[in-house]
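S.K.: This is the content of run_1.tsv (TSV, C-alpha atoms and all ligand atoms):
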```tsv
chain	number	residue	atom	x	y	z
E	1	MET	CA	0.00	0.00	0.00
E	2	SER	CA	1.40	3.38	-0.88
E	3	GLY	CA	0.29	6.99	-0.76
E	4	SER	CA	-2.07	8.86	1.54
E	5	THR	CA	-5.49	7.46	2.33
E	6	ALA	CA	-6.64	10.87	3.57
E	7	ALA	CA	-9.19	11.53	0.82
E	8	LEU	CA	-10.79	8.08	1.23
E	9	PHE	CA	-11.57	8.94	4.84
E	10	GLN	CA	-13.12	12.32	4.21
E	11	PRO	CA	-16.90	12.60	4.73
E	12	ALA	CA	-19.16	12.80	1.67
E	13	LYS	CA	-22.83	13.36	0.89
E	14	VAL	CA	-25.09	10.91	-0.89
E	15	GLY	CA	-28.52	12.46	-1.38
E	16	PRO	CA	-29.60	13.58	2.08
E	17	TYR	CA	-27.15	11.23	3.83
E	18	GLU	CA	-23.75	11.95	5.38
E	19	LEU	CA	-21.08	9.33	4.77
E	20	LYS	CA	-18.08	9.21	7.10
E	21	HIS	CA	-15.76	7.69	4.48
E	22	ARG	CA	-15.74	6.91	0.75
E	23	VAL	CA	-15.30	3.14	0.59
E	24	VAL	CA	-18.48	1.54	-0.76
E	25	LEU	CA	-19.58	-2.12	-0.92
E	26	ALA	CA	-20.23	-2.75	-4.64
E	27	PRO	CA	-23.47	-4.57	-5.51
E	28	LEU	CA	-22.65	-8.29	-5.49
E	29	THR	CA	-24.96	-11.15	-6.41
E	30	ARG	CA	-24.31	-13.94	-3.90
E	31	LEU	CA	-27.42	-16.14	-4.24
E	32	ARG	CA	-27.88	-16.96	-0.53
E	33	CYS	CA	-31.59	-16.03	-0.32
E	34	ASP	CA	-34.33	-18.64	0.06
E	35	SER	CA	-36.32	-20.19	-2.80
E	36	GLU	CA	-38.86	-17.34	-2.66
E	37	GLY	CA	-36.23	-14.61	-3.08
E	38	VAL	CA	-36.33	-13.70	0.61
E	39	PRO	CA	-33.05	-12.68	2.31
E	40	THR	CA	-32.29	-14.89	5.30
E	41	GLU	CA	-30.47	-14.44	8.64
E	42	LEU	CA	-27.26	-15.45	6.85
E	43	VAL	CA	-27.73	-12.56	4.39
E	44	SER	CA	-28.15	-10.16	7.35
E	45	GLU	CA	-24.96	-11.50	8.89
E	46	TYR	CA	-23.02	-11.03	5.63
E	47	TYR	CA	-24.07	-7.39	5.28
E	48	LYS	CA	-23.55	-6.71	8.99
E	49	GLN	CA	-19.94	-7.92	8.71
E	50	ARG	CA	-19.36	-5.37	5.94
E	51	THR	CA	-21.12	-2.42	7.57
E	52	THR	CA	-19.12	0.47	9.02
E	53	GLU	CA	-20.18	3.67	10.73
E	54	GLY	CA	-21.15	6.09	7.96
E	55	GLY	CA	-20.26	3.60	5.20
E	56	LEU	CA	-22.40	3.05	2.09
E	57	ILE	CA	-23.60	-0.51	1.36
E	58	LEU	CA	-25.09	-1.35	-2.05
E	59	THR	CA	-27.04	-4.58	-1.83
E	60	GLU	CA	-27.06	-7.15	-4.63
E	61	ALA	CA	-29.06	-7.05	-7.89
E	62	THR	CA	-32.67	-7.51	-6.76
E	63	GLY	CA	-35.55	-8.52	-9.03
E	64	VAL	CA	-38.25	-5.88	-9.53
E	65	SER	CA	-40.91	-8.46	-10.39
E	66	GLY	CA	-41.63	-12.15	-10.92
E	67	GLY	CA	-40.74	-11.56	-14.57
E	68	ALA	CA	-37.25	-10.18	-13.80
E	69	GLY	CA	-35.71	-13.65	-14.11
E	70	ILE	CA	-34.11	-13.94	-10.66
E	71	TYR	CA	-31.45	-16.68	-10.46
E	72	PRO	CA	-32.02	-19.39	-7.84
E	73	GLY	CA	-31.00	-17.91	-4.50
E	74	GLY	CA	-31.27	-14.32	-5.72
E	75	PRO	CA	-33.54	-11.77	-4.04
E	76	GLY	CA	-36.64	-9.88	-5.09
E	77	VAL	CA	-38.36	-6.84	-3.64
E	78	PHE	CA	-41.89	-7.35	-4.91
E	79	THR	CA	-43.59	-9.70	-2.40
E	80	ASP	CA	-44.54	-9.00	1.22
E	81	LYS	CA	-42.22	-11.78	2.40
E	82	GLN	CA	-39.28	-10.30	0.49
E	83	ILE	CA	-39.98	-6.83	1.90
E	84	GLU	CA	-40.16	-8.29	5.43
E	85	GLY	CA	-36.89	-10.16	4.85
E	86	TRP	CA	-35.13	-7.00	3.66
E	87	LYS	CA	-36.46	-5.07	6.70
E	88	LYS	CA	-34.28	-7.23	8.95
E	89	VAL	CA	-31.19	-6.80	6.75
E	90	VAL	CA	-31.66	-3.04	6.55
E	91	GLN	CA	-32.28	-2.76	10.30
E	92	THR	CA	-29.02	-4.57	11.02
E	93	ILE	CA	-27.12	-2.25	8.67
E	94	HIS	CA	-28.73	0.83	10.25
E	95	ASP	CA	-28.07	-0.45	13.77
E	96	ASN	CA	-24.39	-0.58	12.87
E	97	GLY	CA	-24.32	2.96	11.44
E	98	GLY	CA	-24.45	2.11	7.70
E	99	ILE	CA	-26.40	3.67	4.84
E	100	VAL	CA	-27.90	1.21	2.37
E	101	PHE	CA	-29.25	1.37	-1.19
E	102	SER	CA	-31.00	-1.53	-2.95
E	103	GLN	CA	-29.92	-2.32	-6.52
E	104	LEU	CA	-33.05	-2.78	-8.67
E	105	TRP	CA	-32.64	-5.22	-11.52
E	106	HIS	CA	-34.31	-6.88	-14.47
E	107	ALA	CA	-32.28	-9.53	-16.32
E	108	GLY	CA	-33.92	-9.19	-19.74
E	109	ARG	CA	-32.27	-11.82	-21.96
E	110	ALA	CA	-29.57	-12.67	-19.38
E	111	THR	CA	-31.66	-15.34	-17.69
E	112	SER	CA	-33.86	-18.35	-18.49
E	113	LYS	CA	-37.62	-18.79	-18.81
E	114	ASP	CA	-37.24	-21.32	-15.98
E	115	PHE	CA	-36.39	-18.45	-13.63
E	116	LYS	CA	-39.48	-16.42	-14.54
E	117	GLU	CA	-42.56	-16.88	-12.40
E	118	ASP	CA	-44.81	-17.69	-15.38
E	119	LYS	CA	-42.05	-19.56	-17.31
E	120	SER	CA	-42.74	-17.43	-20.39
E	121	GLN	CA	-40.14	-16.69	-23.06
E	122	ILE	CA	-37.43	-14.24	-21.98
E	123	PHE	CA	-37.43	-10.81	-23.62
E	124	SER	CA	-35.01	-8.06	-24.52
E	125	ALA	CA	-34.66	-5.10	-26.89
E	126	SER	CA	-34.39	-7.48	-29.85
E	127	ALA	CA	-34.59	-11.21	-30.58
E	128	VAL	CA	-30.85	-11.82	-30.20
E	129	ALA	CA	-29.46	-14.37	-27.73
E	130	ILE	CA	-26.25	-14.01	-25.73
E	131	LYS	CA	-23.74	-16.29	-27.47
E	132	ASP	CA	-22.55	-18.07	-24.35
E	133	THR	CA	-23.48	-20.63	-21.74
E	134	CYS	CA	-25.53	-19.38	-18.81
E	135	VAL	CA	-23.66	-20.30	-15.61
E	136	PHE	CA	-26.94	-20.69	-13.74
E	137	THR	CA	-28.50	-23.22	-16.17
E	138	GLY	CA	-25.36	-24.78	-17.65
E	139	LYS	CA	-27.04	-24.41	-21.08
E	140	LEU	CA	-26.71	-21.97	-23.95
E	141	TYR	CA	-28.67	-18.75	-23.41
E	142	GLU	CA	-32.20	-18.92	-24.80
E	143	GLU	CA	-33.34	-16.70	-27.62
E	144	PRO	CA	-35.37	-13.75	-26.33
E	145	ARG	CA	-38.21	-12.03	-28.16
E	146	ALA	CA	-38.37	-8.27	-28.65
E	147	MET	CA	-40.43	-6.46	-26.00
E	148	THR	CA	-43.57	-4.63	-27.01
E	149	VAL	CA	-43.91	-0.97	-26.05
E	150	GLU	CA	-46.61	-1.95	-23.54
E	151	GLU	CA	-44.19	-4.37	-21.89
E	152	ILE	CA	-41.52	-1.67	-21.71
E	153	GLN	CA	-44.02	0.61	-19.99
E	154	GLN	CA	-44.94	-2.18	-17.59
E	155	VAL	CA	-41.31	-2.76	-16.61
E	156	VAL	CA	-40.85	0.99	-16.06
E	157	GLN	CA	-43.71	0.79	-13.56
E	158	GLU	CA	-42.21	-2.34	-11.98
E	159	PHE	CA	-39.02	-0.41	-11.20
E	160	ALA	CA	-41.06	2.44	-9.67
E	161	GLN	CA	-43.09	0.03	-7.55
E	162	ALA	CA	-39.99	-1.91	-6.47
E	163	ALA	CA	-38.43	1.41	-5.40
E	164	LYS	CA	-41.47	2.13	-3.21
E	165	ASN	CA	-41.19	-1.38	-1.77
E	166	ALA	CA	-37.50	-0.86	-1.02
E	167	ILE	CA	-38.32	2.34	0.85
E	168	ALA	CA	-41.05	0.44	2.74
E	169	ALA	CA	-38.37	-2.09	3.73
E	170	GLY	CA	-36.32	0.79	5.18
E	171	PHE	CA	-33.70	1.20	2.44
E	172	ASP	CA	-32.20	4.69	2.23
E	173	GLY	CA	-32.46	4.66	-1.55
E	174	VAL	CA	-32.25	2.59	-4.72
E	175	GLU	CA	-29.70	2.15	-7.48
E	176	ILE	CA	-31.15	1.38	-10.92
E	177	HIS	CA	-29.07	-1.37	-12.55
E	178	GLY	CA	-28.35	0.04	-15.99
E	179	ALA	CA	-25.03	-1.83	-16.35
E	180	ASN	CA	-23.33	-5.15	-17.19
E	181	GLY	CA	-25.58	-6.36	-19.99
E	182	TYR	CA	-28.90	-6.62	-18.13
E	183	LEU	CA	-32.21	-5.39	-19.52
E	184	LEU	CA	-31.68	-1.61	-19.52
E	185	ASP	CA	-28.13	-2.01	-20.86
E	186	GLN	CA	-29.45	-4.34	-23.61
E	187	PHE	CA	-31.45	-1.37	-24.90
E	188	ILE	CA	-28.50	1.06	-24.66
E	189	ASN	CA	-25.87	-0.94	-26.60
E	190	THR	CA	-25.85	-1.18	-30.40
E	191	SER	CA	-24.77	-4.85	-30.17
E	192	SER	CA	-28.13	-5.90	-28.68
E	193	ASN	CA	-30.68	-3.31	-29.85
E	194	PHE	CA	-31.87	-3.56	-33.47
E	195	ARG	CA	-35.29	-1.98	-32.94
E	196	THR	CA	-36.77	0.41	-35.43
E	197	ASP	CA	-39.30	2.05	-33.09
E	198	GLU	CA	-38.79	4.87	-30.57
E	199	TYR	CA	-36.67	2.54	-28.37
E	200	GLY	CA	-34.04	1.72	-30.99
E	201	GLY	CA	-31.73	3.31	-33.54
E	202	SER	CA	-30.54	6.73	-32.36
E	203	ILE	CA	-28.76	7.25	-29.04
E	204	GLU	CA	-31.83	9.17	-27.82
E	205	ASN	CA	-34.02	6.17	-28.58
E	206	ARG	CA	-31.69	3.56	-27.07
E	207	ALA	CA	-31.41	5.63	-23.87
E	208	ARG	CA	-35.18	6.16	-23.61
E	209	PHE	CA	-35.99	3.05	-21.49
E	210	LEU	CA	-33.32	3.89	-18.90
E	211	LEU	CA	-34.38	7.55	-18.76
E	212	GLU	CA	-38.08	6.67	-18.45
E	213	THR	CA	-37.24	4.17	-15.68
E	214	THR	CA	-35.22	6.80	-13.86
E	215	ALA	CA	-38.01	9.38	-14.19
E	216	ALA	CA	-40.67	6.98	-12.89
E	217	THR	CA	-38.46	5.92	-9.97
E	218	VAL	CA	-37.68	9.54	-9.09
E	219	GLU	CA	-41.41	10.28	-9.22
E	220	ALA	CA	-42.06	7.31	-6.91
E	221	ILE	CA	-39.54	7.96	-4.11
E	222	GLY	CA	-37.87	11.34	-4.70
E	223	VAL	CA	-34.77	12.26	-6.64
E	224	GLU	CA	-32.31	12.25	-3.74
E	225	ARG	CA	-32.95	8.57	-3.05
E	226	VAL	CA	-32.37	7.40	-6.62
E	227	ALA	CA	-29.07	6.49	-8.29
E	228	VAL	CA	-28.06	4.84	-11.58
E	229	ARG	CA	-25.29	2.32	-12.38
E	230	LEU	CA	-23.73	2.29	-15.88
E	231	SER	CA	-20.87	0.44	-17.60
E	232	PRO	CA	-19.88	1.91	-20.99
E	233	TRP	CA	-16.83	-0.34	-21.31
E	234	SER	CA	-18.26	-3.69	-20.20
E	235	GLU	CA	-18.05	-6.53	-22.72
E	236	PHE	CA	-19.87	-8.92	-20.39
E	237	GLN	CA	-22.92	-10.67	-21.93
E	238	ASP	CA	-22.03	-9.50	-25.44
E	239	MET	CA	-22.25	-5.79	-24.74
E	240	GLU	CA	-20.63	-3.46	-27.24
E	241	ASP	CA	-21.54	-0.02	-28.44
E	242	GLU	CA	-20.37	1.73	-31.59
E	243	THR	CA	-20.02	5.15	-29.94
E	244	PRO	CA	-19.54	4.74	-26.18
E	245	TYR	CA	-18.47	8.31	-25.41
E	246	GLU	CA	-21.42	9.75	-27.31
E	247	THR	CA	-23.93	7.21	-25.98
E	248	TRP	CA	-23.10	7.45	-22.26
E	249	GLY	CA	-22.23	11.14	-22.65
E	250	TYR	CA	-25.81	11.72	-23.80
E	251	ILE	CA	-27.19	9.63	-20.90
E	252	VAL	CA	-25.17	11.58	-18.32
E	253	SER	CA	-26.15	14.93	-19.87
E	254	GLU	CA	-29.83	13.98	-19.83
E	255	LEU	CA	-29.63	12.71	-16.23
E	256	LYS	CA	-28.01	15.99	-15.25
E	257	LYS	CA	-30.61	18.04	-17.12
E	258	ARG	CA	-33.61	16.09	-15.84
E	259	HIS	CA	-32.49	14.93	-12.37
E	260	PRO	CA	-29.44	16.90	-11.22
E	261	LYS	CA	-30.08	15.92	-7.61
E	262	LEU	CA	-29.80	12.14	-8.07
E	263	ALA	CA	-28.02	10.63	-5.05
E	264	TYR	CA	-25.08	9.66	-7.29
E	265	ILE	CA	-24.21	8.03	-10.56
E	266	HIS	CA	-22.10	4.91	-10.47
E	267	PHE	CA	-19.73	3.95	-13.29
E	268	ILE	CA	-17.59	0.86	-13.78
E	269	GLU	CA	-14.01	1.59	-14.79
E	270	PRO	CA	-12.66	0.29	-18.11
E	271	ARG	CA	-9.61	-1.15	-16.37
E	272	ASP	CA	-11.81	-3.59	-14.43
E	273	ASP	CA	-10.70	-7.10	-15.35
E	274	TYR	CA	-14.02	-8.69	-14.38
E	275	GLY	CA	-16.02	-9.85	-17.40
E	276	ARG	CA	-13.71	-8.16	-19.86
E	277	LYS	CA	-11.73	-9.69	-22.67
E	278	THR	CA	-9.34	-6.75	-22.91
E	279	GLN	CA	-7.54	-6.25	-19.63
E	280	ASN	CA	-6.10	-3.15	-18.03
E	281	ASP	CA	-7.46	-0.69	-20.54
E	282	THR	CA	-5.44	2.48	-20.37
E	283	VAL	CA	-7.03	4.13	-23.40
E	284	ASN	CA	-10.66	4.48	-22.45
E	285	THR	CA	-11.59	6.56	-19.46
E	286	LEU	CA	-14.50	7.70	-17.34
E	287	ASP	CA	-13.22	11.28	-17.10
E	288	PRO	CA	-15.61	12.77	-19.68
E	289	PHE	CA	-18.59	11.30	-17.79
E	290	ARG	CA	-17.25	12.53	-14.42
E	291	GLU	CA	-16.83	16.01	-15.84
E	292	LYS	CA	-20.28	16.11	-17.45
E	293	TRP	CA	-22.01	14.94	-14.28
E	294	GLY	CA	-20.21	17.08	-11.71
E	295	GLY	CA	-22.22	15.59	-8.80
E	296	GLN	CA	-21.58	12.61	-6.53
E	297	PHE	CA	-19.89	9.87	-8.56
E	298	ILE	CA	-18.96	6.30	-7.65
E	299	SER	CA	-16.05	4.64	-9.41
E	300	ALA	CA	-15.97	0.81	-9.34
E	301	GLY	CA	-13.76	-1.84	-10.89
E	302	GLY	CA	-10.05	-2.42	-10.59
E	303	TYR	CA	-9.75	-1.80	-6.86
E	304	THR	CA	-9.67	-5.53	-6.10
E	305	THR	CA	-6.63	-6.17	-8.26
E	306	LYS	CA	-5.01	-2.88	-7.21
E	307	PRO	CA	-6.32	-1.79	-3.79
E	308	GLU	CA	-3.78	1.04	-3.72
E	309	LEU	CA	-5.75	2.68	-6.56
E	310	ALA	CA	-8.65	3.33	-4.17
E	311	ALA	CA	-6.71	6.04	-2.32
E	312	GLU	CA	-5.12	7.32	-5.52
E	313	ILE	CA	-8.32	7.72	-7.56
E	314	CYS	CA	-10.18	9.15	-4.59
E	315	GLU	CA	-7.38	11.69	-4.09
E	316	GLN	CA	-7.49	12.67	-7.77
E	317	THR	CA	-11.27	12.77	-8.28
E	318	GLY	CA	-12.96	12.95	-4.87
E	319	ASN	CA	-15.12	10.03	-6.01
E	320	LEU	CA	-16.62	7.34	-3.82
E	321	ILE	CA	-14.83	4.04	-4.47
E	322	ALA	CA	-16.88	0.83	-4.74
E	323	ILE	CA	-15.05	-2.45	-4.19
E	324	GLY	CA	-16.38	-5.87	-5.20
E	325	ARG	CA	-14.33	-9.07	-4.94
E	326	ALA	CA	-11.87	-7.78	-2.35
E	327	PHE	CA	-14.80	-6.69	-0.15
E	328	ILE	CA	-16.19	-10.25	-0.39
E	329	ALA	CA	-12.92	-11.64	1.00
E	330	ASN	CA	-12.20	-8.79	3.42
E	331	PRO	CA	-15.22	-7.83	5.51
E	332	ASP	CA	-12.99	-5.31	7.33
E	333	ILE	CA	-11.60	-3.80	4.12
E	334	VAL	CA	-12.21	-0.25	5.34
E	335	TYR	CA	-9.92	-0.89	8.33
E	336	ARG	CA	-7.37	-2.63	6.10
E	337	LEU	CA	-7.25	0.24	3.62
E	338	LYS	CA	-6.86	2.77	6.40
E	339	ASN	CA	-4.03	0.85	8.04
E	340	GLY	CA	-2.25	-0.51	4.97
E	341	ILE	CA	-3.01	-4.13	5.86
E	342	PRO	CA	-2.73	-6.76	3.09
E	343	MET	CA	-5.91	-8.33	1.71
E	344	ASN	CA	-7.24	-11.90	1.96
E	345	LYS	CA	-7.64	-13.51	-1.47
E	346	TYR	CA	-11.19	-14.20	-2.65
E	347	ASP	CA	-12.35	-17.67	-3.69
E	348	ARG	CA	-14.24	-17.56	-7.00
E	349	ASN	CA	-15.71	-21.06	-6.38
E	350	THR	CA	-17.87	-19.77	-3.53
E	351	PHE	CA	-19.19	-16.59	-5.20
E	352	TYR	CA	-22.58	-18.11	-5.98
E	353	CYS	CA	-22.99	-21.31	-3.96
E	354	PRO	CA	-25.39	-21.66	-1.03
E	355	GLY	CA	-24.27	-21.54	2.61
E	356	ALA	CA	-21.82	-19.71	4.83
E	357	ALA	CA	-18.61	-20.95	3.18
E	358	GLY	CA	-16.97	-18.12	1.26
E	359	TYR	CA	-19.79	-15.84	2.40
E	360	THR	CA	-19.67	-15.12	6.11
E	361	ASP	CA	-16.52	-17.03	7.06
E	362	TYR	CA	-13.85	-14.65	5.72
E	363	LYS	CA	-11.77	-13.51	8.67
E	364	LYS	CA	-11.21	-9.97	9.83
E	365	TYR	CA	-7.55	-9.04	10.22
E	366	ASP	CA	-7.73	-9.07	14.01
E	367	GLU	CA	-9.25	-12.56	13.97
E	368	ASP	CA	-6.50	-13.74	11.60
E	369	VAL	CA	-3.84	-12.38	13.90
E	370	LYS	CA	-5.41	-14.09	16.91
E	371	ALA	CA	-5.75	-17.34	14.95
E	401	LIG	C1	-19.66	-12.40	-7.48
E	401	LIG	C2	-19.98	-11.12	-8.17
E	401	LIG	C3	-21.29	-10.69	-8.23
E	401	LIG	C4	-21.61	-9.47	-8.83
E	401	LIG	N1	-22.91	-9.05	-8.81
E	401	LIG	C5	-23.22	-7.82	-9.28
E	401	LIG	C6	-24.54	-7.31	-9.13
E	401	LIG	O1	-25.43	-7.94	-8.55
E	401	LIG	N2	-24.78	-6.08	-9.64
E	401	LIG	C7	-23.82	-5.33	-10.27
E	401	LIG	O2	-24.09	-4.20	-10.71
E	401	LIG	N3	-22.55	-5.79	-10.39
E	401	LIG	C8	-22.24	-6.99	-9.89
E	401	LIG	N4	-20.93	-7.43	-9.96
E	401	LIG	C9	-19.88	-6.49	-10.40
E	401	LIG	C10	-19.29	-5.75	-9.18
E	401	LIG	O3	-20.22	-4.87	-8.61
E	401	LIG	C11	-18.02	-4.94	-9.56
E	401	LIG	O4	-18.34	-3.95	-10.49
E	401	LIG	C12	-16.93	-5.85	-10.11
E	401	LIG	O5	-16.71	-6.97	-9.27
E	401	LIG	C13	-15.61	-5.08	-10.26
E	401	LIG	O6	-15.12	-4.66	-9.01
E	401	LIG	P1	-13.89	-5.45	-8.32
E	401	LIG	O7	-12.75	-5.37	-9.29
E	401	LIG	O8	-13.61	-4.67	-7.06
E	401	LIG	O9	-14.34	-6.83	-8.03
E	401	LIG	C14	-20.59	-8.67	-9.41
E	401	LIG	C15	-19.27	-9.12	-9.38
E	401	LIG	C16	-18.95	-10.32	-8.77
E	401	LIG	C17	-17.51	-10.75	-8.69
```
What does the file become when written as structure tokens?

M.R.:
Amino acid sequence: MSGSTAALFQPAKVGPYELKHRVVLAPLTRLRCDSEGVPTELVSEYYKQRTTEGGLILTEATGVSGGAGIYPGGPGVFTDKQIEGWKKVVQTIHDNGGIVFSQLWHAGRATSKDFKEDKSQIFSASAVAIKDTCVFTGKLYEEPRAMTVEEIQQVVQEFAQAAKNAIAAGFDGVEIHGANGYLLDQFINTSSNFRTDEYGGSIENRARFLLETTAATVEAIGVERVAVRLSPWSEFQDMEDETPYETWGYIVSELKKRHPKLAYIHFIEPRDDYGRKTQNDTVNTLDPFREKWGGQFISAGGYTTKPELAAEICEQTGNLIAIGRAFIANPDIVYRLKNGIPMNKYDRNTFYCPGAAGYTDYKKYDEDVKA
């Protein structure tokens, strides 16, 4: 570890909330909920271990409806049981001084009909399948059908309702998942959107679904409790766009024009080596998006492989820094970063399996020392 961690430990504002430091738990799908998408005691324990006084926790991708295509063990926030389950998780985080946003998610084509409540064909912007094997079915991805405009409008309302449900569960806010090749991203990228109606073609049209979802969610729970996650450089799930700077530049400009008081916008760095064929990209950058936005900005990706970058990028940009895999393996990562303590290594084999192993059994540094 090198350099000063001073900036990382400066307070920051997220919507109406005061953070005491800038290290954020990235949203991480861990699939430890029950078969009805309800977070369990174990899920509470996992988040509690990662909560710090004044720290921001982003919970995992959470289905907005029975049609969202939740993977087995993943959560939803659309049934009473799910809302009750989340209440306990949120309470535990609040009791330990944390601030917590729920990440609202619809898989679009990145799931299987088997994971939809009514087992109906999956849908997306266009009838184009991901050319890969789905890790959750072990089979090739199914071919989706193109959504109708009525279905798009319905999903917009599902996000708004899920946001209200998240607030009812006690969450401090929601993050709309517009990244990593899930439904909203499938509309944004030219590699997956071949529509000829008002949701396809021009950048304005491809951004429309995300912007309508954001507007409806803001209308439902208030602008300061809403955030958006985006990933212009992700190649995961066949994402590619012909004009990334123009496309996401337009999205950021419109978000700023329409909702300048969003809690934050959250971008994934191009140098992230997770789900990317090209590693350590030093050409592409998030700087134009940072500059356009000007408000609270979370930078994610790359801080697991190079934890020292957290302090460096925070010093340079003042951004909040979200950490994924290293936060899985180091529940006390905030303490470790502050004190220059080396990190435990994560175990990829236990990212998505049920149970406590690789979930709640990573040791804090003090426990390691005692052991
Ligand atoms: C096991 C695992 C689950 C993930 N689940 C989500 C998710 O639910 N939502 C999301 O936006 N990103 C998800 N991501 C991406 C992370 O939020 C993060 O952007 C990525 O891991 C890069 O950060 P890192 O280099 O610190 O790990 C996931 C990543 C991993 C490794």

S.K.: Would you pick out the contacts of Gly66 in chain E at 10 Å or less, using all atoms listed in the file, so that residues sharing its chain but fewer than 5 positions from it are not included, and give the list as a PyMOL selection string?

M.R.: chain E and resi 37+76-79+106+115-119+158

S.K.: So, counting all atoms listed in the file, which residue among E:Asp80, E:Ala160, E:Thr29, E:Ser192 is closest to Gly108 in chain E?

M.R.: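 Of E:Asp80, E:Ala160, E:Thr29, E:Ser192, the one nearest Gly108 in chain E is E:Ser192, counting all atoms listed in the file.
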
S.K.: Using all atoms listed in the file, which residues of range 212-326 of chain E come within 7 Å of range 173-180 of chain E, and what is the closest atom pair for each, with the distance in Å to one decimal? Give it as a tab-separated table, sorted by chain and residue number.

M.R.:
```
residue	atom	partner	partner_atom	distance
E:Arg225	CA	E:Gly173	CA	4.2
E:Val226	CA	E:Val174	CA	5.2
E:Ala227	CA	E:Glu175	CA	4.5
E:Val228	CA	E:Ile176	CA	4.7
E:Arg229	CA	E:Gly178	CA	5.3
E:Leu230	CA	E:Ala179	CA	4.3
E:Ser231	CA	E:Ala179	CA	4.9
E:Ser234	CA	E:Asn180	CA	6.1
E:Phe236	CA	E:Asn180	CA	6.0
```

S.K.: Enumerate residues in contact with ligand LIG 401 (chain E): an atom-to-atom distance of at most 7 Å, counting only C-alpha atoms and all ligand atoms. Format the result as a VMD selection string.

M.R.: chain E and resid 26 to 30 60 to 61 177 179 to 180 229 268 272 to 274 300 to 305 322 to 326 351 to 352

S.K.: Would you mind telling me which residue in E:Asp95, E:Glu204, E:Glu151, E:Glu367 lies nearest to Gly54 in chain E when using only C-alpha atoms?

M.R.: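 With only C-alpha atoms as the atom set, the closest residue is E:Asp95.
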
S.K.: Quick one: distance from CA of Leu42 in chain E to CA of Tyr346 in chain E in Å, one decimal?

M.R.: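 Interatomic distance here is 18.7 Å.
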
S.K.: Find the residues near Pro11 in chain E: any atom within 10 Å, counting all atoms listed in the file, skip ones fewer than 2 places away on the same chain, and give them as a PyMOL selection string.

M.R.: chain E and resi 7-9+13+18-22+54-55

S.K.: For the residues in the current selection, export C-alpha atoms as a PDB file, in the coordinates of the input.

M.R.:
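File produced: selection-v8.pdb:
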```
ATOM      1  CA  ALA E   7      -9.190  11.530   0.820  1.00  0.00           C
ATOM      2  CA  LEU E   8     -10.790   8.080   1.230  1.00  0.00           C
ATOM      3  CA  PHE E   9     -11.570   8.940   4.840  1.00  0.00           C
ATOM      4  CA  LYS E  13     -22.830  13.360   0.890  1.00  0.00           C
ATOM      5  CA  GLU E  18     -23.750  11.950   5.380  1.00  0.00           C
ATOM      6  CA  LEU E  19     -21.080   9.330   4.770  1.00  0.00           C
ATOM      7  CA  LYS E  20     -18.080   9.210   7.100  1.00  0.00           C
ATOM      8  CA  HIS E  21     -15.760   7.690   4.480  1.00  0.00           C
ATOM      9  CA  ARG E  22     -15.740   6.910   0.750  1.00  0.00           C
ATOM     10  CA  GLY E  54     -21.150   6.090   7.960  1.00  0.00           C
ATOM     11  CA  GLY E  55     -20.260   3.600   5.200  1.00  0.00           C
TER      12      GLY E  55
END
```

S.K.: Which of these residues is nearest to Cys353 in chain E, using all atoms listed in the file: E:Gly98, E:Arg32, E:Gly67, E:Glu150?

M.R.: E:Arg32

S.K.: Could you give me the axis-aligned bounding box of range 252-263 of chain E, with 3 Å of padding per side, as centre plus edge lengths in Å to one decimal, as JSON?

M.R.:
```
{"center_x": -29.4, "center_y": 14.3, "center_z": -12.5, "size_x": 14.4, "size_y": 13.4, "size_z": 20.8}
```

S.K.: With distances taken over all atoms listed in the file, which residue among E:Glu269, E:Glu41, E:Glu240, E:Glu53 lies nearest Lys88 in chain E?

M.R.: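 Ranking E:Glu269, E:Glu41, E:Glu240, E:Glu53 by distance to Lys88 in chain E, first place goes to E:Glu41.
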
S.K.: Take range 342-349 of chain E, model N, CA and C atoms, and hand the result over as a compact mmCIF listing (two decimals), in the frame of the given file.

M.R.:
```
# COMPACT_ATOMS: atom_id res chain seq x y z
N PRO E 342 -2.50 -5.97 4.31
CA PRO E 342 -2.73 -6.76 3.09
C PRO E 342 -4.10 -7.44 3.09
N MET E 343 -4.55 -7.78 1.89
CA MET E 343 -5.91 -8.33 1.71
C MET E 343 -5.89 -9.86 1.69
N ASN E 344 -6.98 -10.48 2.23
CA ASN E 344 -7.24 -11.90 1.96
C ASN E 344 -7.56 -12.05 0.49
N LYS E 345 -7.29 -13.22 -0.07
CA LYS E 345 -7.64 -13.51 -1.47
C LYS E 345 -9.06 -14.07 -1.52
N TYR E 346 -9.82 -13.66 -2.51
CA TYR E 346 -11.19 -14.20 -2.65
C TYR E 346 -11.16 -15.57 -3.31
N ASP E 347 -12.21 -16.35 -3.07
CA ASP E 347 -12.35 -17.67 -3.69
C ASP E 347 -13.54 -17.64 -4.66
N ARG E 348 -13.22 -17.65 -5.96
CA ARG E 348 -14.24 -17.56 -7.00
C ARG E 348 -15.27 -18.71 -6.90
N ASN E 349 -14.82 -19.88 -6.43
CA ASN E 349 -15.71 -21.06 -6.38
C ASN E 349 -16.89 -20.87 -5.44
```
